[in-house]
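Below is data_14.pdb, holding PDB, C-alpha atoms.
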ATOM      1  CA  MET W  15     117.698 154.872 122.958  1.00  0.00           C
ATOM      2  CA  GLU W  16     114.732 153.203 121.340  1.00  0.00           C
ATOM      3  CA  SER W  17     116.924 150.796 119.400  1.00  0.00           C
ATOM      4  CA  ILE W  18     118.659 149.743 122.626  1.00  0.00           C
ATOM      5  CA  GLU W  19     115.299 149.142 124.311  1.00  0.00           C
ATOM      6  CA  ARG W  20     114.114 147.064 121.340  1.00  0.00           C
ATOM      7  CA  SER W  21     117.261 144.957 121.361  1.00  0.00           C
ATOM      8  CA  VAL W  22     116.899 144.426 125.120  1.00  0.00           C
ATOM      9  CA  GLN W  23     113.261 143.367 124.624  1.00  0.00           C
ATOM     10  CA  LYS W  24     114.270 140.950 121.862  1.00  0.00           C
ATOM     11  CA  MET W  25     116.983 139.476 124.061  1.00  0.00           C
ATOM     12  CA  SER W  26     114.586 139.070 126.964  1.00  0.00           C
ATOM     13  CA  GLU W  27     112.021 137.393 124.683  1.00  0.00           C
ATOM     14  CA  GLU W  28     114.670 134.998 123.372  1.00  0.00           C
ATOM     15  CA  GLU W  29     115.719 134.157 126.918  1.00  0.00           C
ATOM     16  CA  LYS W  30     112.113 133.471 127.848  1.00  0.00           C
ATOM     17  CA  THR W  31     111.639 131.100 124.910  1.00  0.00           C
ATOM     18  CA  GLU W  32     114.880 129.306 125.798  1.00  0.00           C
ATOM     19  CA  GLU W  33     113.766 128.980 129.407  1.00  0.00           C
ATOM     20  CA  THR W  34     110.363 127.622 128.437  1.00  0.00           C
ATOM     21  CA  ALA W  35     112.010 125.144 126.049  1.00  0.00           C
ATOM     22  CA  GLU W  36     114.285 123.953 128.872  1.00  0.00           C
ATOM     23  CA  GLU W  37     111.304 123.655 131.216  1.00  0.00           C
ATOM     24  CA  ASN W  38     109.399 121.603 128.645  1.00  0.00           C
ATOM     25  CA  VAL W  39     112.331 119.231 128.257  1.00  0.00           C
ATOM     26  CA  LYS W  40     112.577 118.856 132.032  1.00  0.00           C
ATOM     27  CA  GLU W  41     108.825 118.203 132.318  1.00  0.00           C
ATOM     28  CA  GLU W  42     108.984 115.527 129.609  1.00  0.00           C
ATOM     29  CA  SER W  43     111.869 113.765 131.321  1.00  0.00           C
ATOM     30  CA  VAL W  44     109.988 113.836 134.625  1.00  0.00           C
ATOM     31  CA  LYS W  45     106.872 112.399 132.962  1.00  0.00           C
ATOM     32  CA  LYS W  46     108.898 109.544 131.477  1.00  0.00           C
ATOM     33  CA  ASP W  47     110.352 108.759 134.886  1.00  0.00           C
ATOM     34  CA  GLU W  48     106.932 108.862 136.560  1.00  0.00           C
ATOM     35  CA  VAL W  49     105.452 106.221 134.259  1.00  0.00           C
ATOM     36  CA  LYS W  50     106.049 102.892 135.934  1.00  0.00           C
ATOM     37  CA  LYS W  51     105.311  99.550 134.375  1.00  0.00           C
ATOM     38  CA  GLU W  52     103.057  97.270 136.331  1.00  0.00           C
ATOM     39  CA  PRO W  53     104.609  93.870 136.978  1.00  0.00           C
ATOM     40  CA  PHE W  54     103.455  91.061 134.684  1.00  0.00           C
ATOM     41  CA  ILE W  55     101.164  88.634 136.486  1.00  0.00           C
ATOM     42  CA  PRO W  56      99.977  85.529 134.608  1.00  0.00           C
ATOM     43  CA  ILE W  57      96.221  85.213 134.179  1.00  0.00           C
ATOM     44  CA  SER W  58      96.165  81.931 136.107  1.00  0.00           C
ATOM     45  CA  LYS W  59      97.658  83.683 139.164  1.00  0.00           C
ATOM     46  CA  GLN W  60      95.157  86.550 139.125  1.00  0.00           C
ATOM     47  CA  SER W  61      91.878  86.636 140.999  1.00  0.00           C
ATOM     48  CA  LYS W  62      88.812  85.000 139.478  1.00  0.00           C
ATOM     49  CA  LEU W  63      87.245  88.422 138.913  1.00  0.00           C
ATOM     50  CA  ASN W  64      90.269  89.661 136.958  1.00  0.00           C
ATOM     51  CA  GLN W  65      90.378  86.400 134.993  1.00  0.00           C
ATOM     52  CA  LYS W  66      86.709  86.837 134.083  1.00  0.00           C
ATOM     53  CA  LYS W  67      87.283  90.435 132.972  1.00  0.00           C
ATOM     54  CA  PHE W  68      90.236  89.352 130.817  1.00  0.00           C
ATOM     55  CA  HIS W  69      88.375  86.480 129.149  1.00  0.00           C
ATOM     56  CA  ASP W  70      85.257  88.616 128.624  1.00  0.00           C
ATOM     57  CA  SER W  71      87.356  91.244 126.848  1.00  0.00           C
ATOM     58  CA  LYS W  72      88.727  88.573 124.461  1.00  0.00           C
ATOM     59  CA  ARG W  73      85.329  87.121 123.573  1.00  0.00           C
ATOM     60  CA  GLY W  74      83.441  88.450 120.596  1.00  0.00           C
ATOM     61  CA  THR W  75      79.988  88.052 119.163  1.00  0.00           C
ATOM     62  CA  TRP W  76      78.776  85.629 116.552  1.00  0.00           C
ATOM     63  CA  GLY W  77      77.371  88.529 114.541  1.00  0.00           C
ATOM     64  CA  ASN W  78      74.715  87.298 112.106  1.00  0.00           C
ATOM     65  CA  VAL W  79      75.697  83.641 112.457  1.00  0.00           C
ATOM     66  CA  ASN W  80      73.392  81.384 114.449  1.00  0.00           C
ATOM     67  CA  PRO W  81      75.574  78.792 116.232  1.00  0.00           C
ATOM     68  CA  VAL W  82      72.771  76.176 116.311  1.00  0.00           C
ATOM     69  CA  THR W  83      73.586  73.137 114.165  1.00  0.00           C
ATOM     70  CA  ARG W  84      71.076  72.630 111.358  1.00  0.00           C
ATOM     71  CA  THR W  85      70.558  69.412 109.449  1.00  0.00           C
ATOM     72  CA  PRO W  86      68.837  69.099 106.079  1.00  0.00           C
ATOM     73  CA  PRO W  87      65.473  67.297 106.169  1.00  0.00           C
ATOM     74  CA  ASN W  88      65.571  63.570 105.432  1.00  0.00           C
ATOM     75  CA  PRO W  89      63.770  63.034 102.095  1.00  0.00           C
ATOM     76  CA  LYS W  90      62.826  59.430 103.003  1.00  0.00           C
ATOM     77  CA  ALA W  91      61.186  60.416 106.268  1.00  0.00           C
ATOM     78  CA  TYR W  92      57.409  60.864 106.505  1.00  0.00           C
ATOM     79  CA  ASN W  93      56.330  64.503 106.258  1.00  0.00           C
ATOM     80  CA  ARG W  94      52.724  65.275 107.213  1.00  0.00           C
ATOM     81  CA  ARG W  95      52.720  68.659 105.540  1.00  0.00           C
ATOM     82  CA  LYS W  96      53.828  67.236 102.221  1.00  0.00           C
ATOM     83  CA  THR W  97      51.254  64.388 102.058  1.00  0.00           C
ATOM     84  CA  GLY W  98      48.189  66.611 102.331  1.00  0.00           C
ATOM     85  CA  ARG W  99      48.842  68.430  99.096  1.00  0.00           C
TER      86      ARG W  99
END
Whole structure given in structure tokens:
Amino acid sequence: MESIERSVQKMSEEEKTEETAEENVKEESVKKDEVKKEPFIPISKQSKLNQKKFHDSKRGTWGNVNPVTRTPPNPKAYNRRKTGR
């Protein structure tokens, strides 16, 4: 009797795992179907706010670089600091 009950329990457990596996497959297929791609809209056709958000996301920082143009001092030019020494 006990062996029959054990075999029935094993069979019911196997059926449950098969059912859950089938449910998981069904859920995955439903999730794939639910995901819809948004239509592609060119940036030029989007609103100014969306264009600004897009361009802001593409911009980076200069980091440690200072973008100001620097020129070396002209050695022939008069320098007040240099003459006093």
Would you mind reading off the distance between atom CA of Lys96 of chain W and atom CA of Val82 of chain W, one decimal, in Å?
25.2 Å
What separates atom CA of Pro81 of chain W and atom CA of Phe68 of chain W is a distance of 23.2 Å
Which distance in Å separates atom CA of Lys50 of chain W and atom CA of Lys67 of chain W, to one decimal?
22.7 Å
Hey, could you pull the box centre and edge lengths for segment 56-75 of chain W, axis-aligned, 4 Å padding per side, all listed atoms, to one decimal in Å, as AutoDock Vina command-line options?
--center_x 90.0 --center_y 86.6 --center_z 130.1 --size_x 28.0 --size_y 17.3 --size_z 29.8
